[in-house]
Amino acid sequence: MSSEALLEDDPTPLIACTISRDVQNFDLLIEDMETELGEAWGDLSFEDARQFFRQPESGALKFVAIALDHEDESQLALIADLVKSAKAQDVKVILIADEVSPMALHQLLQLGAEDFIPYPLPEDALHDAIERLDAPQKVAAVDFVEATAAPQAQLQSGANGIILPVQSMAGGAGATTIAVNLAWELATIEKKGPQPRVLLIDFNLQFGSVSTYLDLPRREAVYELLSPSDEIDDDLFKGALLNFNDKMSVLTSPAEILPLDFIEAQDVERLLEKARSHFDYVIVDMPATLVSWTETVLNAAEFYFAPITLDLRSAQNILRLRNTLKAEELPFEKLRFLLNFAPKGIDMSAKARIKRMAENLEIAIDVQFPDGGRPVREACDQGVPLGIEATKNPLRKEIHKLAASIHARQTEQLEAAQ
């Protein structure tokens with residue numbers, strides 16, 4: 001249906017419309033809109049949409065699907081105004097994005113867009129997004145009574161969970177992606193019976209991305225929890241946590257950028273002890289910078305995961321970190337090096353480089369994660385773990401294996417202690 005027809009009286013009641021620079025660039029969207037809505041949808045250009053939202057009848061729409069690609073980022077201000085105009089008319093917004101930068105998507109989602117779908121559209125993605133428009137929000141503050149008594153958790157007061165920090169050895173090594181997906185895999189690891197209770201903590205107080213990768217709001221209660229105090233009571237702790245998909249709990253980074261020395265070692269120690277007392281696994285996404293309380297987290301950790309890449313930056317930083325930890329008599333042996341973006345198995349020269357890197361640094365590269373490609377970026381932008389969005393992705397499969405080995409080890413130790 002043309003944009004002119006949409007702006008005129010039409011006998012077919014419209015449920016939705018697409019908004020784009022040229023909808024013909026999104027042929028799969030046209031097919032899916034016809035499948036879902038038949039003739040009950042229209043199409044508008046960006047300029048026509050601005051005019052349309054000035055008319056009262058625009059409020060009769062259920063939703064609009066705003067489709068954009070990287071060329072449209074120059075018109076981001078106009079598109080942002082369209083999102084705000086739609087929200088003002090109580091019309092819901094689904095973003096269809098083809099190679100759009102994460103910052104642009106984040107801005108539009110922050111303005112109130114309800115959902116995001118990458119283009120080309122995955123099978124049934126539009127259908128599922130339309131259904132989600134009427135679904136209740138899955139994100140809510142953790143009910144601590146339910147959290148500690150839920151069948152999938154079976155975690156009682158006095159539990160003794162393990163701390164598993166993740167800290168990149170170089171920028172872009174993927175620590176947050178690994179932390180988020182490792183937490184999700186641990187939270188859903190059991191095929192039958194109760195699931196472990198998992199808490200994911202974002203300790204990157206300045207630019208933490210866990211909330212973005214899980215599409216969670218940042219709450220003021222996090223600031224209150226992290227503020228210096230002599231103790232942390234259960235009410236304060238539960239008030240700062242969010243529930244993701246009824247599977248795991250999350251402590252996001254604060255809403256405002258804070259200096260890394262805002263919290264001190266004793267504050268971190270109290271928070272980790274509180275977390276261990278209520279959860280089986282506590283995954284900590286660490287800042288890339290060493291801070292005064294890094295030692296506290298390292299000493300509390302069962303393992304300290306260090307994602308690296310196959311380059312000189314990672315090698316130099318590992319060497320410098322080892323020298324620093326040994327000079328302070330801190331346990332360098334707790335570090336477990338995870339090679340991210342590992343080359344494929346048929347690349348024999350890369351295998352030789354990995355072996356030389358490990359030998360020269362006198363370390364073991366415990367796990368090699370393959371490059372998950374575009375689906376990983378899309379899952380992060382959409383705010384869902386790979387275990388939901390791309391179950392067959394090679395990176396997701398390897399993170400699942402790591403989670404399974406951690407859980408098997410922990411289960412064996414618990415059974416041996418009984």
# chains A, B, ... in the order shown; residues from 1 in each chain; ligands from 1
$ select_by_dssp --residues "region 200-390 of chain A" --states "strand (DSSP E)" --output "short mmCIF file (atom, residue, chain, number, x, y, z; two decimals) with C-alpha atoms, in the first residue's frame"
data_model
loop_
_atom_site.label_atom_id
_atom_site.label_comp_id
_atom_site.auth_asym_id
_atom_site.auth_seq_id
_atom_site.Cartn_x
_atom_site.Cartn_y
_atom_site.Cartn_z
CA LEU A 200 25.62 -11.60 37.13
CA ILE A 201 27.36 -8.48 38.50
CA ASP A 202 28.55 -5.60 36.29
CA LEU A 242 16.79 -7.39 38.44
CA ASN A 243 15.35 -10.65 37.21
CA PHE A 244 16.11 -11.73 33.64
CA MET A 248 18.98 -15.38 36.62
CA SER A 249 19.49 -12.22 38.65
CA VAL A 250 21.50 -9.22 37.50
CA LEU A 251 23.20 -6.32 39.26
CA TYR A 281 27.36 -18.91 40.85
CA VAL A 282 28.34 -15.24 40.88
CA ILE A 283 29.69 -14.06 37.52
CA VAL A 284 31.50 -10.71 37.77
CA ASP A 285 32.13 -8.58 34.69
CA TYR A 304 39.55 -15.61 37.22
CA PHE A 305 38.71 -15.79 33.52
CA ALA A 306 40.91 -13.66 31.27
CA PRO A 307 39.72 -13.42 27.64
CA ILE A 308 42.56 -12.73 25.20
CA LEU A 335 43.79 -16.93 35.92
CA ARG A 336 42.23 -19.03 33.18
CA PHE A 337 43.00 -17.69 29.72
CA LEU A 338 40.22 -17.86 27.14
CA LEU A 339 41.29 -17.26 23.55
CA ASN A 340 38.45 -15.40 21.84
CA PHE A 341 38.06 -15.13 18.04
CA ALA A 342 40.20 -18.23 17.74
CA ILE A 365 45.26 -21.36 27.01
CA ASP A 366 42.44 -23.33 28.55
CA VAL A 367 39.62 -22.60 26.10
CA GLN A 368 39.42 -21.41 22.49
CA PHE A 369 36.24 -19.58 21.48
CA PRO A 370 35.50 -19.31 17.74
#
$ residues_around --residues "Ala265 (chain A)" --least-positions-apart "6" --cutoff "8 Å" --atoms "only C-alpha atoms" --output "list in words"
Ser292, Trp293 and Thr296 of chain A
$ write_last_selection --atoms "C-alpha atoms" --output "short mmCIF file (atom, residue, chain, number, x, y, z; two decimals), in the first residue's frame"
data_model
loop_
_atom_site.label_atom_id
_atom_site.label_comp_id
_atom_site.auth_asym_id
_atom_site.auth_seq_id
_atom_site.Cartn_x
_atom_site.Cartn_y
_atom_site.Cartn_z
CA SER A 292 42.30 -1.05 44.41
CA TRP A 293 39.66 -3.76 44.82
CA THR A 296 39.71 -8.49 46.66
#
$ residues_around --residues "Ala315 (chain A)" --least-positions-apart "5" --cutoff "8 Å" --atoms "only C-alpha atoms" --output "number ranges by chain"
A: 310, 357, 361
$ closest_residue --among "A:Phe237, A:Tyr213, A:Trp41, A:Phe26" --to "Leu61 (chain A)" --atoms "only C-alpha atoms"
A:Trp41
$ residues_around --residues "Leu105 (chain A)" --least-positions-apart "5" --cutoff "10 Å" --atoms "only C-alpha atoms" --output "PyMOL selection string"
chain A and resi 73+76+95-97+100+110-111+113+116+381-382
$ residues_around --residues "Leu236 (chain A)" --least-positions-apart "2" --cutoff "9 Å" --atoms "only C-alpha atoms" --output "JSON, numbers by chain"
{"A": [221, 224, 225, 232, 233, 234, 238, 239, 240]}
$ write_last_selection --atoms "N, CA and C atoms" --output "compact mmCIF listing (two decimals), in the first residue's frame"
# COMPACT_ATOMS: atom_id res chain seq x y z
N ALA A 221 18.75 2.17 42.67
CA ALA A 221 19.04 1.34 43.83
C ALA A 221 20.46 0.77 43.78
N GLU A 224 22.73 3.14 45.56
CA GLU A 224 22.56 3.02 47.02
C GLU A 224 23.29 1.79 47.54
N LEU A 225 23.22 0.68 46.80
CA LEU A 225 23.88 -0.54 47.24
C LEU A 225 25.40 -0.36 47.26
N ILE A 232 25.46 -4.69 54.48
CA ILE A 232 24.47 -4.77 53.40
C ILE A 232 23.36 -5.69 53.88
N ASP A 233 22.17 -5.13 54.06
CA ASP A 233 21.07 -6.00 54.49
C ASP A 233 20.35 -6.57 53.28
N ASP A 234 19.52 -7.57 53.50
CA ASP A 234 18.85 -8.26 52.41
C ASP A 234 17.94 -7.34 51.61
N LYS A 238 18.32 -6.96 47.66
CA LYS A 238 17.28 -7.38 46.73
C LYS A 238 16.74 -6.20 45.93
N GLY A 239 16.73 -5.00 46.53
CA GLY A 239 16.19 -3.85 45.83
C GLY A 239 17.02 -3.42 44.64
N ALA A 240 18.28 -3.83 44.59
CA ALA A 240 19.16 -3.44 43.48
C ALA A 240 19.20 -4.47 42.37
$ atom_distance --atom1 "CA of Asp32 (chain A)" --atom2 "CA of Leu14 (chain A)"
15.7 Å
$ closest_residue --among "A:Ile363, A:Ala179, A:Phe52, A:Ala16" --to "Ile130 (chain A)" --atoms "only C-alpha atoms"
A:Ala16
$ closest_atom_pairs --of "region 177-246 of chain A" --to "region 158-171 of chain A" --cutoff "12 Å" --atoms "only C-alpha atoms" --output "Markdown table"
| residue | atom | partner | partner_atom | distance |
| --- | --- | --- | --- | --- |
| A:Thr177 | CA | A:Val166 | CA | 9.9 |
| A:Ile178 | CA | A:Val166 | CA | 7.8 |
| A:Ala179 | CA | A:Val166 | CA | 6.2 |
| A:Val180 | CA | A:Val166 | CA | 9.9 |
| A:Asn181 | CA | A:Val166 | CA | 11.5 |
| A:Leu182 | CA | A:Leu164 | CA | 9.8 |
| A:Ala183 | CA | A:Leu164 | CA | 9.6 |
| A:Leu186 | CA | A:Leu164 | CA | 11.4 |
| A:Pro196 | CA | A:Gly161 | CA | 9.8 |
| A:Arg197 | CA | A:Gly161 | CA | 8.9 |
| A:Val198 | CA | A:Gly161 | CA | 9.0 |
| A:Leu199 | CA | A:Ile163 | CA | 9.7 |
| A:Leu200 | CA | A:Leu164 | CA | 9.5 |
| A:Ile201 | CA | A:Pro165 | CA | 9.0 |
| A:Asp202 | CA | A:Pro165 | CA | 9.9 |
| A:Phe203 | CA | A:Pro165 | CA | 9.7 |
| A:Asn204 | CA | A:Gln167 | CA | 10.1 |
$ closest_residue --among "A:Pro122, A:Pro254, A:Gly383, A:Pro343" --to "Leu216 (chain A)" --atoms "only C-alpha atoms"
A:Gly383
$ select_by_dssp --residues "region 148-366 of chain A" --states "alpha helix (DSSP H)" --output "NGL selection string"
:A and (148-149 or 175-187 or 210-213 or 220-226 or 234-240 or 265-278 or 294-300 or 312-327 or 348-361)
